[in-house]
Protein chains: 2
Amino acid sequence: TQQLLSGRVPRPKPFRVTNADRSVKKGIMAETLEDLMNKVSDSLSVPCIMALVLDEDGTGVDTEEFFETLSENTVLMVLEKGQSWTPYLKYRDQL
Amino acid sequence: TQQLLSGRVPRPKPFRVTNADRSVKKGIMAETLEDLMNKVSDSLSVPCIMALVLDEDGTGVDTEEFFETLSENTVLMVLEKGQSWTPYLKYRDQL
């Protein structure tokens, strides 16, 4: 009822979440940032999440408001304490 | 009612705001330039903002009118006293 009254029905969206060295990536459904944090914690075995950032440019996703603007299948990176985002090296740069 | 009468409904837009050395970037929702300034101050721990400039070319965003023309997810840089904008070095330039 609350959701109907507020005119906004949260619907789970798919996200892709990777770890700091991009060795693991998981598809995770989440309705809210908090929901995603909890699921990432389990799925990627990260007990204590320091930050969730956009994989593309390292933008920190700190608020539910900004989280809601993300499109389906956005790739996020989870950071633990001491880890930081690094740019994705395209294949040709690794040759 | 105010918003209906004025014929303009401000809607929060997502922005990405980085600090002067681009070590931190945050996704922030804001309706107005003033709103964004306040949120940047908290989110990036910048007590006294000297300027907000476009990350791409250092253009100063000083007025609400210009701010309104920015598209979603524009990257802005916050400058404190004594800091200035510097061009972004692409990865290949750092090799």
# chains A, B, ... in the order shown; residues from 1 in each chain; ligands from 1
>>> residues_around(residues="A:Arg11", least_positions_apart="5", cutoff="10 Å", atoms="only C-alpha atoms", output="ChimeraX atom specification")
/A:29-32
>>> write_last_selection(atoms="N, CA, C and O atoms", output="short mmCIF file (atom, residue, chain, number, x, y, z; two decimals), in the first residue's frame")
data_model
loop_
_atom_site.label_atom_id
_atom_site.label_comp_id
_atom_site.auth_asym_id
_atom_site.auth_seq_id
_atom_site.Cartn_x
_atom_site.Cartn_y
_atom_site.Cartn_z
N MET A 29 20.55 -9.41 -8.75
CA MET A 29 19.32 -8.62 -8.80
C MET A 29 19.19 -7.82 -7.51
O MET A 29 19.40 -8.38 -6.42
N ALA A 30 18.85 -6.56 -7.63
CA ALA A 30 18.67 -5.76 -6.40
C ALA A 30 17.67 -4.65 -6.62
O ALA A 30 17.53 -4.11 -7.72
N GLU A 31 16.93 -4.35 -5.55
CA GLU A 31 15.94 -3.27 -5.60
C GLU A 31 16.52 -1.95 -5.12
O GLU A 31 16.14 -0.90 -5.58
N THR A 32 17.42 -2.06 -4.15
CA THR A 32 17.98 -0.85 -3.55
C THR A 32 19.48 -1.04 -3.38
O THR A 32 19.99 -2.15 -3.49
#
>>> residues_around(residues="stretch 76-92 of chain A", least_positions_apart="3", cutoff="10 Å", atoms="only C-alpha atoms", output="VMD selection string")
(chain A and resid 15 to 22 25 to 26 37 40 to 41 44 46 to 61 73 95) or (chain B and resid 23 to 24 91)
>>> select_by_dssp(residues="chain A", states="alpha helix (DSSP H)", output="PyMOL selection string")
chain A and resi 2-6+33-43+64-68+91-94
>>> atom_distance(atom1="atom CA of A:Phe66", atom2="atom CA of A:Pro12")
15.5 Å
>>> select_by_dssp(residues="stretch 12-68 of chain A", states="strand (DSSP E)", output="list in words")
Lys13, Pro14, Phe15, Arg16, Val17, Thr18, Lys25, Lys26, Gly27, Ile28, Met29, Ala30, Ala51, Leu52, Val53 and Leu54 of chain A
>>> closest_residue(among="A:Ser45, A:Pro14, A:Gly27, A:Asp35", to="A:Leu70", atoms="only C-alpha atoms")
A:Pro14
>>> closest_residue(among="B:Thr63, B:Ser71, B:Ile28, B:Glu34", to="chain A", atoms="only C-alpha atoms")
B:Ile28
